[in-house]
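To start, the structure under review is shown below, and the notes come after it.
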Amino acid sequence: MRILVICQHYWPEPYPLADICEELAQRGHFVHLVTDVPNYPMGEIYPGYRKGRRREEEHNGVKITRTFTIARRRSALFRLLNYYSYAISSSLYAGSLKQDYDVVFANQTSPVMMSSAAFAYARKHQKKVVLYCMDLWPACLAAGGISEHSPVYRFFDWESKRLYRKPDSILITSRMFRGYLVQRHGVEDARITYLPQYAAAQFETEQEPPLPKDTVDLMFAGNIGAAQSLATVIRAAEILKEQPQLRWHIVGDGSELENLKRLAAEKGLTSVLFHGRRPPEEMPQYYAMADAMLVTLTADPAISLTLPGKMQTYMAAAKPIIGAADGEIPKVIEAAGCGFCAGAEDAPGLANAVQRYLECKNKRQLGQNARSYYETHFTRRHFMDTLEKTLKRYAAAENAVEEKANVGI
């Protein structure tokens with residue numbers, strides 16, 4: 001297959017799509033990715049990509065085109081400019097492409113407008129679009145504090161409804177996305193398929209449990225934004241500050257990092273350690289020192305539908321999971337029997353979940369349960385086989401239409 005891939009974020013930004021595209025290339029498919037100029041998550045264009053450099057390159061078998069993008073910086077205005085600069089420039093580029101691709105794959109995180117280029121190409125060349133929905137819009141806006149009754153929210157609700165109705169197939173990362181897309185945006189249920197994320201490649205091989213030590217190390221790893229509600233972790237650490245063996249590690253970066261550092265400093269919490277964003281190759285050593293992993297989300301009905309990709313990585317690493325979230329996350333933790341979960345933004349509940357973990361007689365079994373559940377439901381091979389099969393099906397459907405048209409001529 002010749003596959004046109006559309007996504008605003010890609011290597012060297014910390015996004016898993018590179019592994020997907022490279023695997024498709026290794027399976028013998030031609031993959032052309034249209035993406036942005038890397039600037040996530042810090043909002044500054046990466047060195048080596050400024051002033052129009054490296055707009056066309058190849059990396060591990062994937063052809064990469066980077067269209068015009070305004071860096072997101074640190075303000076809502078520049079984030080909006082970032083969203084639309086990519087959506088418009090990538091759509092103009094895709095619409096001008098003369099190459100023939102068999103199918104279009106849109107990997108949609110935030111915002112949903114990043115998928116616009118997929119439809120620009122598909123409309124002109126009569127091709128099918130498969131969209132992988134990783135974030136729900138406009139639900140993500142509510143998590144950022146934008147009222148559902150505001151003109152901004154209503155505009156993006158209309159924009160999201162328009163775009164979610166366009167793909168021929170939508171793959172979803174959480175089972176609970178289905179109801180939202182059907183009820184909120186009128187997407188046909190038959191066009192939706194559940195395809196959960198998988199762990200980063202370095203965690204597909206089961207990790208060894210931590211060596212005996214005097215501390216109990218709890219770790220959050222991932223993006224640090226409003227949706228993650230990591231202030232809940234800081235408040236739980238304050239509740240449990242009289243337990244000196246506890247250490248709380250926050251690994252990652254994002255818009256809320258400095259606020260969290262200030263909050264921890266105000267509360268005098270020396271047990272909360274901030275490690276910043278680390279290169280992917282370093283992450284196994286951070287996981288190795290963790291006894292259990294933390295996952296939190298804001299108390300938003302739509303955000304609670306999400307199953308963050310960090311869950312699969314936590315489980316692949318055979319780590320117990322302690323959470324404060326509603327919706328899909330506690331369902332998975334309970335089904336796997338791999339940890340304890342409080343409600344979203346419930347700091348006392350999170351502290352109690354940590355206490356339950358400390359009192360658990362067989363902590364290692366929790367980690368083994370997590371790994372077992374991962375192997376049954378979330379493996380990379382299952383993901384890639386399902387995605388490839390789906391892309392082939394829609395490529396074949398389009399080819400059949402073309403052949404029928406040619407016969408008619």
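If you're wondering about the labels, chains in the structure tokens are A, B, ... by order shown, residues count from 1 in each chain, ligands from 1 in order shown.
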
message: Give me the residues near Ala221 (chain A) as a count of residues only, where near means some atom within 10 Å (using only C-alpha atoms) and where sequence neighbours in that chain fewer than 2 positions away do not count.
response: 21

field: Selection: 6 Å around region 83-99 of chain A, only C-alpha atoms, excl. self and same-chain fewer than 4 positions, as number ranges by chain
entry: A: 67-69, 113-114, 116-117, 120-121

Could you dump the residues just selected with N, CA and C atoms as a PDB file, in the first residue's frame?
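Writing done, so here's again-v9.pdb:
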```pdb
ATOM      1  N   THR A  67       4.953  20.987   7.134  1.00  0.00           N
ATOM      2  CA  THR A  67       4.356  22.191   6.581  1.00  0.00           C
ATOM      3  C   THR A  67       4.510  23.351   7.568  1.00  0.00           C
ATOM      4  N   PHE A  68       4.095  24.526   7.154  1.00  0.00           N
ATOM      5  CA  PHE A  68       4.256  25.738   7.968  1.00  0.00           C
ATOM      6  C   PHE A  68       3.483  25.612   9.286  1.00  0.00           C
ATOM      7  N   THR A  69       4.150  25.940  10.377  1.00  0.00           N
ATOM      8  CA  THR A  69       3.521  25.865  11.693  1.00  0.00           C
ATOM      9  C   THR A  69       4.000  27.026  12.559  1.00  0.00           C
ATOM     10  N   MET A 113      -8.790  19.487  14.391  1.00  0.00           N
ATOM     11  CA  MET A 113      -8.540  20.145  13.103  1.00  0.00           C
ATOM     12  C   MET A 113      -7.298  19.612  12.409  1.00  0.00           C
ATOM     13  N   MET A 114      -6.415  18.946  13.162  1.00  0.00           N
ATOM     14  CA  MET A 114      -5.208  18.416  12.539  1.00  0.00           C
ATOM     15  C   MET A 114      -5.519  17.382  11.457  1.00  0.00           C
ATOM     16  N   SER A 116      -7.687  17.764   9.092  1.00  0.00           N
ATOM     17  CA  SER A 116      -8.277  18.422   7.916  1.00  0.00           C
ATOM     18  C   SER A 116      -7.580  18.047   6.618  1.00  0.00           C
ATOM     19  N   ALA A 117      -6.244  17.929   6.652  1.00  0.00           N
ATOM     20  CA  ALA A 117      -5.495  17.626   5.432  1.00  0.00           C
ATOM     21  C   ALA A 117      -5.881  16.266   4.848  1.00  0.00           C
ATOM     22  N   ALA A 120      -8.796  16.882   2.714  1.00  0.00           N
ATOM     23  CA  ALA A 120      -8.451  17.674   1.531  1.00  0.00           C
ATOM     24  C   ALA A 120      -7.922  16.773   0.427  1.00  0.00           C
ATOM     25  N   TYR A 121      -7.060  15.817   0.790  1.00  0.00           N
ATOM     26  CA  TYR A 121      -6.541  14.889  -0.210  1.00  0.00           C
ATOM     27  C   TYR A 121      -7.619  13.898  -0.650  1.00  0.00           C
TER      28      TYR A 121
END
```

- prompt: Please, what distance in Å, to one decimal, runs between CA of Lys161 (chain A) and CA of Ser115 (chain A)?
  reply: 12.7 Å

Can you check which parts of region 54-166 of chain A lie within 10 Å of region 189-193 of chain A? Per residue, the shortest pair of atoms and distance in Å to one decimal, counting only C-alpha atoms, sorted by chain and number, as a tab-separated table.
```
residue	atom	partner	partner_atom	distance
A:Val130	CA	A:Arg191	CA	9.7
A:Leu131	CA	A:Ile192	CA	9.7
A:Tyr132	CA	A:Thr193	CA	9.5
A:Cys133	CA	A:Ile192	CA	9.9
A:Arg165	CA	A:Arg191	CA	9.7
```

query: With distances taken over only C-alpha atoms, which of A:Thr232, A:Gln365, A:Asn39, A:Ser255 is nearest to Pro348 (chain A)?
result: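 Answer, going by the shortest atom-to-atom distance: A:Thr232.
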
- request: Could you give me, as a ChimeraX atom specification, each residue of region 10-258 of chain A that DSSP assigns to strand (DSSP E) when run on this structure's backbone?
  value: /A:30-35,56-59,62-66,103-108,129-133,169-172,192-194,216-221,246-251

Go ahead and save the picked residues with N, CA and C atoms, as a compact mmCIF listing (two decimals), in the first residue's frame.
```txt
# COMPACT_ATOMS: atom_id res chain seq x y z
N PHE A 30 4.66 1.93 1.53
CA PHE A 30 5.24 3.26 1.37
C PHE A 30 4.46 4.22 2.25
N VAL A 31 5.15 4.90 3.15
CA VAL A 31 4.50 5.78 4.12
C VAL A 31 5.01 7.21 3.93
N HIS A 32 4.09 8.11 3.64
CA HIS A 32 4.40 9.54 3.51
C HIS A 32 3.64 10.29 4.58
N LEU A 33 4.36 10.90 5.49
CA LEU A 33 3.76 11.60 6.63
C LEU A 33 3.80 13.10 6.41
N VAL A 34 2.66 13.76 6.62
CA VAL A 34 2.57 15.22 6.58
C VAL A 34 2.36 15.70 8.00
N THR A 35 3.32 16.45 8.53
CA THR A 35 3.28 16.83 9.94
C THR A 35 3.70 18.29 10.11
N GLU A 56 11.72 18.62 4.39
CA GLU A 56 11.58 17.32 3.74
C GLU A 56 12.72 16.43 4.22
N GLU A 57 12.39 15.29 4.80
CA GLU A 57 13.42 14.36 5.25
C GLU A 57 12.85 12.94 5.30
N GLU A 58 13.76 11.97 5.42
CA GLU A 58 13.35 10.58 5.60
C GLU A 58 13.95 10.07 6.89
N HIS A 59 13.13 9.36 7.67
CA HIS A 59 13.61 8.83 8.94
C HIS A 59 13.10 7.42 9.11
N VAL A 62 10.47 6.29 6.59
CA VAL A 62 9.24 7.09 6.45
C VAL A 62 9.59 8.43 5.80
N LYS A 63 8.90 8.77 4.73
CA LYS A 63 9.06 10.08 4.11
C LYS A 63 8.29 11.11 4.92
N ILE A 64 8.94 12.21 5.30
CA ILE A 64 8.34 13.21 6.18
C ILE A 64 8.32 14.56 5.48
N THR A 65 7.14 15.18 5.44
CA THR A 65 7.00 16.55 4.97
C THR A 65 6.46 17.39 6.12
N ARG A 66 7.15 18.50 6.41
CA ARG A 66 6.73 19.39 7.50
C ARG A 66 6.21 20.70 6.89
N VAL A 103 -4.72 4.88 0.49
CA VAL A 103 -5.58 5.16 1.65
C VAL A 103 -4.93 6.26 2.47
N VAL A 104 -5.75 6.99 3.23
CA VAL A 104 -5.26 8.07 4.09
C VAL A 104 -5.50 7.67 5.55
N PHE A 105 -4.46 7.83 6.35
CA PHE A 105 -4.54 7.52 7.78
C PHE A 105 -4.30 8.81 8.56
N ALA A 106 -5.30 9.27 9.30
CA ALA A 106 -5.19 10.48 10.12
C ALA A 106 -5.09 10.06 11.58
N ASN A 107 -3.98 10.45 12.21
CA ASN A 107 -3.77 10.15 13.63
C ASN A 107 -4.14 11.40 14.42
N GLN A 108 -5.32 11.39 15.04
CA GLN A 108 -5.87 12.60 15.66
C GLN A 108 -5.69 12.62 17.17
N VAL A 129 -10.62 7.49 4.15
CA VAL A 129 -9.88 7.99 5.31
C VAL A 129 -10.18 7.14 6.54
N VAL A 130 -9.12 6.66 7.17
CA VAL A 130 -9.21 5.99 8.47
C VAL A 130 -8.64 6.94 9.51
N LEU A 131 -9.42 7.27 10.52
CA LEU A 131 -8.99 8.21 11.55
C LEU A 131 -8.80 7.48 12.88
N TYR A 132 -7.66 7.71 13.50
CA TYR A 132 -7.40 7.13 14.83
C TYR A 132 -7.63 8.22 15.86
N CYS A 133 -8.70 8.11 16.62
CA CYS A 133 -9.12 9.14 17.58
C CYS A 133 -8.50 8.87 18.95
N SER A 169 -13.81 5.41 8.50
CA SER A 169 -13.68 4.56 9.67
C SER A 169 -13.00 5.36 10.78
N ILE A 170 -13.48 5.20 12.01
CA ILE A 170 -12.85 5.83 13.17
C ILE A 170 -12.43 4.73 14.14
N LEU A 171 -11.15 4.68 14.43
CA LEU A 171 -10.61 3.77 15.44
C LEU A 171 -10.48 4.54 16.74
N ILE A 172 -10.93 3.96 17.85
CA ILE A 172 -10.95 4.68 19.13
C ILE A 172 -10.05 3.99 20.15
N ILE A 192 -17.28 2.84 13.78
CA ILE A 192 -16.38 2.97 14.93
C ILE A 192 -15.85 1.60 15.36
N THR A 193 -14.55 1.50 15.58
CA THR A 193 -13.91 0.26 16.02
C THR A 193 -12.95 0.57 17.17
N TYR A 194 -12.98 -0.27 18.19
CA TYR A 194 -12.09 -0.11 19.35
C TYR A 194 -10.71 -0.65 19.02
N VAL A 216 9.59 3.75 49.26
CA VAL A 216 8.52 3.32 48.37
C VAL A 216 8.36 4.43 47.34
N ASP A 217 8.67 4.12 46.09
CA ASP A 217 8.72 5.13 45.04
C ASP A 217 7.50 5.02 44.14
N LEU A 218 6.70 6.11 44.13
CA LEU A 218 5.51 6.20 43.29
C LEU A 218 5.81 7.17 42.15
N MET A 219 5.41 6.84 40.93
CA MET A 219 5.84 7.63 39.78
C MET A 219 4.70 7.92 38.81
N PHE A 220 4.64 9.18 38.38
CA PHE A 220 3.80 9.58 37.25
C PHE A 220 4.75 9.87 36.10
N ALA A 221 4.43 9.37 34.90
CA ALA A 221 5.26 9.62 33.72
C ALA A 221 4.36 10.01 32.57
N LEU A 246 7.82 7.31 51.70
CA LEU A 246 7.17 7.60 50.42
C LEU A 246 7.93 8.66 49.64
N ARG A 247 8.17 8.40 48.36
CA ARG A 247 8.72 9.39 47.45
C ARG A 247 7.84 9.44 46.20
N TRP A 248 7.53 10.65 45.77
CA TRP A 248 6.62 10.87 44.65
C TRP A 248 7.42 11.46 43.49
N HIS A 249 7.52 10.72 42.40
CA HIS A 249 8.32 11.14 41.26
C HIS A 249 7.40 11.59 40.12
N ILE A 250 7.66 12.76 39.57
CA ILE A 250 6.90 13.26 38.42
C ILE A 250 7.88 13.43 37.26
N VAL A 251 7.70 12.59 36.24
CA VAL A 251 8.60 12.58 35.09
C VAL A 251 7.81 13.06 33.87
```

task: Identify, on the basis of only C-alpha atoms, every residue whose closest approach to Ala317 (chain A) does not exceed 12 Å; exclude the query and any residue fewer than 6 positions from it along the same chain; express the result as a PyMOL selection string.
output: chain A and resi 198-210+283-293+310-311+338+364+366-375

field: Point-to-point distance from CA of Gly48 (chain A) to CA of Gly225 (chain A), Å rounded to tenths
entry: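 Spanning CA of Gly48 (chain A) to CA of Gly225 (chain A) is a straight-line distance of 26.4 Å.
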
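Distance check against Thr306 (chain A) using only C-alpha atoms: of A:Met176, A:Met42, A:Leu269, A:Ala351, the minimum falls on A:Met176.
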
task: Please indicate the distance in Å from CA of Cys7 (chain A) to CA of Leu391 (chain A), rounded to one decimal place.
output: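 According to the coordinates, CA of Cys7 (chain A) and CA of Leu391 (chain A) are separated by 16.1 Å.
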
- prompt: Which residue out of A:Pro301, A:His9, A:Gly339, A:Ile146 has the minimum interatomic distance to Lys319 (chain A) when only C-alpha atoms are used?
  reply: A:Gly339

task: Pick out the residues sitting within 10 Å of Gly186 (chain A), and hand them over as a list in words; count only C-alpha atoms, and ignore anything fewer than 3 positions along from it in its own chain.
output: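 Within the cut-off, the hits are Lys161, Arg162, Tyr164, Arg165, Gly179, Tyr180, Leu181, Val182, Gln183 and Asp189 of chain A.
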
Go ahead and save the residues from that selection, with C-alpha atoms, as a PDB file, in the first residue's frame.
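Resulting contents of selection_15.pdb:
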```
ATOM      1  CA  LYS A 161     -19.063  17.467  14.539  1.00  0.00           C
ATOM      2  CA  ARG A 162     -18.221  18.425  10.951  1.00  0.00           C
ATOM      3  CA  TYR A 164     -15.779  13.515  12.938  1.00  0.00           C
ATOM      4  CA  ARG A 165     -18.512  12.769  10.412  1.00  0.00           C
ATOM      5  CA  GLY A 179     -21.038   6.768  23.037  1.00  0.00           C
ATOM      6  CA  TYR A 180     -19.635  10.305  22.902  1.00  0.00           C
ATOM      7  CA  LEU A 181     -19.040  10.229  19.152  1.00  0.00           C
ATOM      8  CA  VAL A 182     -22.433   8.681  18.407  1.00  0.00           C
ATOM      9  CA  GLN A 183     -24.496  10.819  20.781  1.00  0.00           C
ATOM     10  CA  ASP A 189     -21.870   3.405  15.203  1.00  0.00           C
TER      11      ASP A 189
END
```

task: Could you check which of A:Pro111, A:Thr298, A:Arg393, A:Ile234 is closest to Leu80 (chain A), using only C-alpha atoms?
output: A:Pro111
